[in-house]
Each structure stands twice: as C-alpha cells, then as structure tokens.
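Okay, structure first, notes after.
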Amino acid sequence: RKGRPSIAPELLIRMALIGRLYGITSERRLCEQVRFNLAYRWFCRLPLDARVPHHSTFSKNRHGRFRDAGIFRVLFEQTVRRCAKAGLITCKDAAIDASFVAADASWQCKMRETDMTLPRLSRPVREWLADRANAQPREQGAAPSAPVEVSRTDPSSAWSARTARGRFGYAFNVLIDTPGGVAVDVEASPARFSAEVDAGRTMLARASDRFGYRPKRIAADTAYGSAGFLAFVTDRGVIPHIPVLERSEQTKGKFPHEAFRYEREQDRYICPTGNVLAYRGANRRAQNLRYTASPLDCRTCHLKRKCTGGSSRSVTHSQFEDVRELVRGEMQTPLFKRSMRLRRGVERVFADAKGKRGLTRLHLRGLRGAEEEFLLGATIANLVLLARPDNLPVRKRRPPPVPERINRMARISRGRFEQSYYATMF
C-alpha cells in the first residue's frame with residue numbers, strides 16, 4: 001500500500017530497445033513517446049490504461065541490478081544464439097574493427113592532481129580509480145604509458161585526435177561473422193590503438209568460450225597487424241588475413257631493415273658491407289630480439305653516415321617473425337583479397353548505429369556505461385538481421401557482363417560530351 005509500485009525489468013529493457021532502435025537518446029522523451037505511441041505500448045505490453053514508468057527508474061535500475069547482473073550482455077548473447085540457430089553464422093570468415101564514439105565529456109574539462117583528492121567524487125571518477133587500482137599487469141607488449149589528457153567528467157575515456165577537433169571518446173569494438181554481418185561479440189575500450197588490439201584478443205577468446213566460435217579466417221586493418229596479435233590469432237588455429245604492420249620505413253634517411261640479411265642457421269644479421277650483427281639480448285616485454293654490430297666495425301665503415309648516427313648499428317628481430325612471414329605469404333593469395341572485401345561489412349554496423357540509432361555521442365559515462373550502449377546497438381543490429389524475411393543473408397551484387405559494362409560506360413561518356421558541348425554553345 002505504501003511506496004512506489006515495483007516495475008518489471010522486462011518493461012525497462014523493452015523501452016531501452018525502442019530508444020536505441022529509433023535513436024531516442026533522452027529517457028524523458030522516451031517515456032513521453034511510449035505514453036502516446038500505440039505501437040510502442042504494444043511492444044512493451046502496456047495496456048492503454050497502464051502508467052509509463054518514471055524516467056528516473058532507468059538510472060536507479062541501470063546503476064544497480066542491471067549493471068551488477070550484466071543483463072545487457074545476457075540480452076546480446078541471446079541474439080547471437082538466435083542468429084546461430086537461424087543459420088546466419090557460418091564460422092568461416094570473421095572481421096574485427098573499431099569505431100570512435102565521442103564521450104559525454106567536454107574537451108575543455110581536463111583533470112588535475114587536486115581534483116582526485118576532493119572529498120566527493122563523481123561515480124565515473126570513482127569507477128576509474130577502482131579500475132586503476134585493480135588493473136592487472138600486461139603479459140605481452142610494452143607497458144602502457146600514463147595518459148597525457150584525462151577528462152574530469154569521464155576519466156575512463158581517452159583523448160583522440162581522429163576528429164577535426166580533439167575529443168574524449170571510446171572505441172566501439174565489434175567482432176562480426178562475414179558475409180552475414182552478425183555481431184558475435186562487442187567490447188568497449190578507450191580510444192587508443194593498443195586498447196583496441198587488447199579488445200580484439202578479449203572478443204576472440206570470449207566468443208570461443210561462450211559460443212565455441214572459431215572461424216577459419218579473420219580479417220582486420222593494419223592497426224591489428226602487430227606481431228603479438230598475429231601470433232595470438234595463429235595460436236588459436238585461425239588464419240590471420242591482416243596486413244603486417246611494417247615499421248621499416250621509419251628510418252629517418254638511414255638504411256632500412258630490409259638492407260640487412262638475416263642468417264637463420266647462425267642467428268645473426270649481415271650488414272650491406274658484410275659485417276656481422278651478433279645477438280645481444282631480448283626484450284621480453286616488447287617481444288623482440290636485438291642484434292648489434294661491433295663499434296670497431298662501424299667506426300671504420302665508409303657507409304656509417306647512411307647507416308647510423310651512433311657508435312654502432314642495432315637491428316631488432318621479432319620473436320614471431322615466422323608468423324609475420326606466414327601472413328606476408330597469405331597477403332598474396334586471392335582469399336586474402338576476398339577477406340579484405342568482406343571486412344567492409346563491419347562498417348554497416350557502425351553506419352547504422354551512428355546514422356540511424358543516434359550513437360554519435362554517448363549518453364552514459366564510464367567504461368561500463370559505454371559498454372551498455374554498445375551492447376544495445378549490437379543487439380539491435382542482430383535483431384534487424386533476424387527480422388529479415390526468411391532469415392536469409394543479403395544476396396551478393398554481381399557485376400554486369402563485360403559488354404554491358406562497356407556499353408554503359410560509353411553512354412555515360414557520350415552524355416558527358418553532349419552536356420559539355422551544349423554548355424559551350426549557350
């Protein structure tokens with residue numbers, strides 16, 4: 001008799017799906033739309049005389065039982081299982097990519113040291129401090145450096161210059177099954193390339209554990225072409241169709257890495273003048289080996305100015321160089337080019353989320369809030385695929401026959417010529 005009546009969680013989740021499907025980012029406006037729209041009431045299973053929940057109910061449930069139970073992750077994984085049951089997942093080709101989404105934070109509000117000692121901190125700042133205290137050291141790769149710019153409003157976001165003006169934002173990481181375009185896993189990360197690569201590892205491992213998803217080939221752009229990530233993908237029995245990340249062009253006018261010949265039997269490098277670069281040690285965190293020439297040989301070399309500015313020349317060799325050679329061989333195959341074409345399907349998820357679902361700027365703050373919004377966006381993308389007639393993937397657009405293409409190009413050229421001709425007359 002006393003207090004506010006309880007509200008079913010299913011009703012709130014259905015209302016959240018409507019808001020993401022139609023790009024209604026304001027929860028106040030969402031409640032007004034559900035109150036007056038009969039189709040929304042039918043989907044939410046609300047009778048005409050039933051009251052719509054108050055907009056503050058979303059915040060109370062989101063930061064409480066929804067976030068603790070991970071309900072949006074459960075909802076997204078249910079759609080993945082529905083797509084697999086409908087035959088929309090082939091487990092042959094996959095693609096990974098990330099897209100920048102601006103955070104709900106001003107680019108002018110930067111955090112100072114005194115801001116972290118305030119008696120009352122906001123919820124995103126408390127979550128960020130807790131995540132930093134509980135962060136595990138990285139097993140692979142170099143240790144991440146401290147961020148230069150930290151937002152006072154949303155410190156979990158990262159400063160990125162991908163837009164015309166630098167913004168704080170997150171990376172919307174998606175693992176899809178091509179060519180159907182089903183989102184198999186989603187991960188939110190700060191908008192840093194190293195965090196996006198780590199998110200790719202997390203998505204592959206989680207999809208394998210949750211659904212047994214092990215594709216034959218996986219495609220991505222050059223940002224994922226580091227030796228460590230290629231080795232991780234290969235160890236899972238997947239062929240990486242990812243361009244190798246080459247840094248040999250960053251030589252500042254000196255001899256590139258290709259100018260030195262590696263002798264596998266003797267485990268050494270030979271410089272252009274025939275001198276030996278012997279093994280000098282390994283950097284386990286960076287996962288590379290270092291080969292250095294003798295300072296005496298470099299001092300008497302007539303090509304020293306073209307080779308190095310120090311006392312001796314050093315060359316690094318990745319521990320996973322065999323994996324890099326394997327991927328370089330795959331880059332010459334027709335399957336690699338096909339995977340690069342199929343990889344474009346992941347852009348459909350980003351385009352629909354930003355252009356149709358209103359995901360150009362986040363409504364929630366913190367890494368967990370960003371993950372919830374990304375999970376809702378991927379859930380809607382999978383539901384749209386399930387609602388397609390007969391649950392069939394989109395048919396491939398085949399190019400017209402060669403004579404027809406030639407005639408079409410001839411008509412286009414003739415039309416442009418006539419247009420320019422009449423333009424000169426008048």
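So you can find residues: chains in the structure tokens are A, B, ... in the order shown, residues in each start at 1, and ligands are numbered from 1 in order.
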Hey, could you make a per-residue contact list for range 206-267 of chain A against range 181-193 of chain A with 8 Å as the cut-off, showing the nearest pair of atoms and its distance in Å to one decimal, counting only C-alpha atoms, sorted by chain and number, as a tab-separated table?
residue	atom	partner	partner_atom	distance
A:Arg206	CA	A:Asp185	CA	7.9
A:Ala207	CA	A:Asp185	CA	6.4
A:Ala223	CA	A:Phe193	CA	7.0
> Could you pull out the helix (DSSP H, G or I) residues of range 304-377 of chain A from DSSP and send them as a ChimeraX atom specification?
Replying inline: /A:304-307,321-330,334-355,366-377
>> Applying 8 Å and only C-alpha atoms, which residues near range 75-80 of chain A remain after dropping the ones on its own chain fewer than 3 positions away? List them as a count of residues only.
In response: 13
Nearby residues (only C-alpha atoms) at most 6 Å from range 317-324 of chain A, same-chain spacing under 5 positions excluded, as a PDB file with C-alpha atoms, in the first residue's frame:
ATOM      1  CA  ALA A 227      53.428  -9.498 -34.352  1.00  0.00           C
ATOM      2  CA  GLN A 287      58.839  -9.409 -27.672  1.00  0.00           C
ATOM      3  CA  ASN A 288      61.818  -8.688 -29.902  1.00  0.00           C
ATOM      4  CA  LEU A 289      65.474  -9.675 -30.176  1.00  0.00           C
TER       5      LEU A 289
END
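Residue nearest Arg210 in chain A, chosen from A:Val315, A:Val74, A:Arg264, A:Ala95 and counting only C-alpha atoms: A:Val74.
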Closest atom pairs, residues of range 238-284 of chain A within 9 Å of range 292-304 of chain A, only C-alpha atoms, as CSV:
residue,atom,partner,partner_atom,distance
A:Tyr269,CA,A:Thr292,CA,8.7
A:Cys271,CA,A:Ala293,CA,8.6
A:Pro272,CA,A:Leu303,CA,8.8
A:Thr273,CA,A:Cys301,CA,7.9
A:Asn275,CA,A:Asp297,CA,7.0
A:Val276,CA,A:Ala293,CA,6.1
A:Leu277,CA,A:Ala293,CA,4.1
A:Ala278,CA,A:Thr292,CA,5.6
A:Tyr279,CA,A:Thr292,CA,6.6
A:Arg280,CA,A:Thr292,CA,6.4
Would you save the residues of that selection, restricted to N, CA, C and O atoms, as a PDB file, in the first residue's frame?
ATOM      1  N   TYR A 269      72.702 -11.179 -38.246  1.00  0.00           N
ATOM      2  CA  TYR A 269      72.408 -10.321 -39.386  1.00  0.00           C
ATOM      3  C   TYR A 269      73.724  -9.926 -40.052  1.00  0.00           C
ATOM      4  O   TYR A 269      74.758  -9.799 -39.392  1.00  0.00           O
ATOM      5  N   CYS A 271      75.279  -6.869 -42.487  1.00  0.00           N
ATOM      6  CA  CYS A 271      75.020  -5.511 -42.956  1.00  0.00           C
ATOM      7  C   CYS A 271      75.399  -5.393 -44.434  1.00  0.00           C
ATOM      8  O   CYS A 271      76.011  -6.311 -45.002  1.00  0.00           O
ATOM      9  N   PRO A 272      75.091  -4.293 -45.110  1.00  0.00           N
ATOM     10  CA  PRO A 272      75.420  -4.157 -46.546  1.00  0.00           C
ATOM     11  C   PRO A 272      76.901  -4.270 -46.866  1.00  0.00           C
ATOM     12  O   PRO A 272      77.251  -4.651 -47.988  1.00  0.00           O
ATOM     13  N   THR A 273      77.782  -3.967 -45.917  1.00  0.00           N
ATOM     14  CA  THR A 273      79.230  -4.083 -46.178  1.00  0.00           C
ATOM     15  C   THR A 273      79.787  -5.442 -45.796  1.00  0.00           C
ATOM     16  O   THR A 273      80.987  -5.668 -45.963  1.00  0.00           O
ATOM     17  N   ASN A 275      79.651  -6.902 -42.639  1.00  0.00           N
ATOM     18  CA  ASN A 275      79.947  -7.068 -41.219  1.00  0.00           C
ATOM     19  C   ASN A 275      78.808  -7.781 -40.510  1.00  0.00           C
ATOM     20  O   ASN A 275      77.652  -7.755 -40.962  1.00  0.00           O
ATOM     21  N   VAL A 276      79.122  -8.394 -39.385  1.00  0.00           N
ATOM     22  CA  VAL A 276      78.173  -9.229 -38.648  1.00  0.00           C
ATOM     23  C   VAL A 276      77.530  -8.425 -37.532  1.00  0.00           C
ATOM     24  O   VAL A 276      78.217  -7.685 -36.805  1.00  0.00           O
ATOM     25  N   LEU A 277      76.203  -8.564 -37.393  1.00  0.00           N
ATOM     26  CA  LEU A 277      75.464  -8.026 -36.258  1.00  0.00           C
ATOM     27  C   LEU A 277      75.067  -9.213 -35.391  1.00  0.00           C
ATOM     28  O   LEU A 277      74.188 -10.001 -35.755  1.00  0.00           O
ATOM     29  N   ALA A 278      75.720  -9.370 -34.251  1.00  0.00           N
ATOM     30  CA  ALA A 278      75.520 -10.527 -33.381  1.00  0.00           C
ATOM     31  C   ALA A 278      74.355 -10.298 -32.423  1.00  0.00           C
ATOM     32  O   ALA A 278      73.928  -9.166 -32.178  1.00  0.00           O
ATOM     33  N   TYR A 279      73.865 -11.399 -31.886  1.00  0.00           N
ATOM     34  CA  TYR A 279      72.746 -11.351 -30.927  1.00  0.00           C
ATOM     35  C   TYR A 279      73.228 -10.754 -29.605  1.00  0.00           C
ATOM     36  O   TYR A 279      74.221 -11.181 -29.027  1.00  0.00           O
ATOM     37  N   ARG A 280      72.490  -9.753 -29.091  1.00  0.00           N
ATOM     38  CA  ARG A 280      72.901  -9.058 -27.883  1.00  0.00           C
ATOM     39  C   ARG A 280      71.887  -9.149 -26.750  1.00  0.00           C
ATOM     40  O   ARG A 280      72.130  -8.609 -25.685  1.00  0.00           O
TER      41      ARG A 280
END
>> Using DSSP assignments from the backbone, pull out every residue in range 93-316 of chain A that falls under strand (DSSP E or B) and give it to me as JSON, numbers by chain.
In response: {"A": [93, 94, 95, 96, 97, 98, 99, 100, 101, 102, 110, 151, 158, 159, 160, 167, 168, 169, 170, 171, 172, 173, 174, 175, 176, 177, 178, 182, 183, 184, 185, 186, 187, 188, 189, 190, 217, 218, 219, 239, 240, 241, 261, 262, 263, 268, 269, 270, 276, 277, 278, 279, 280, 281, 282, 283, 288, 289, 290, 291, 292, 293, 314, 315, 316]}
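In this comparison, which uses only C-alpha atoms, the residue of A:Ala86, A:His241, A:Pro256, A:Val34 approaching Ala387 in chain A most closely is A:Ala86.
Of the listed residues A:Arg4, A:Ala50, A:Thr222, A:Asp154, the one whose atoms come nearest to Arg126 in chain A is A:Asp154, with distances taken using only C-alpha atoms.
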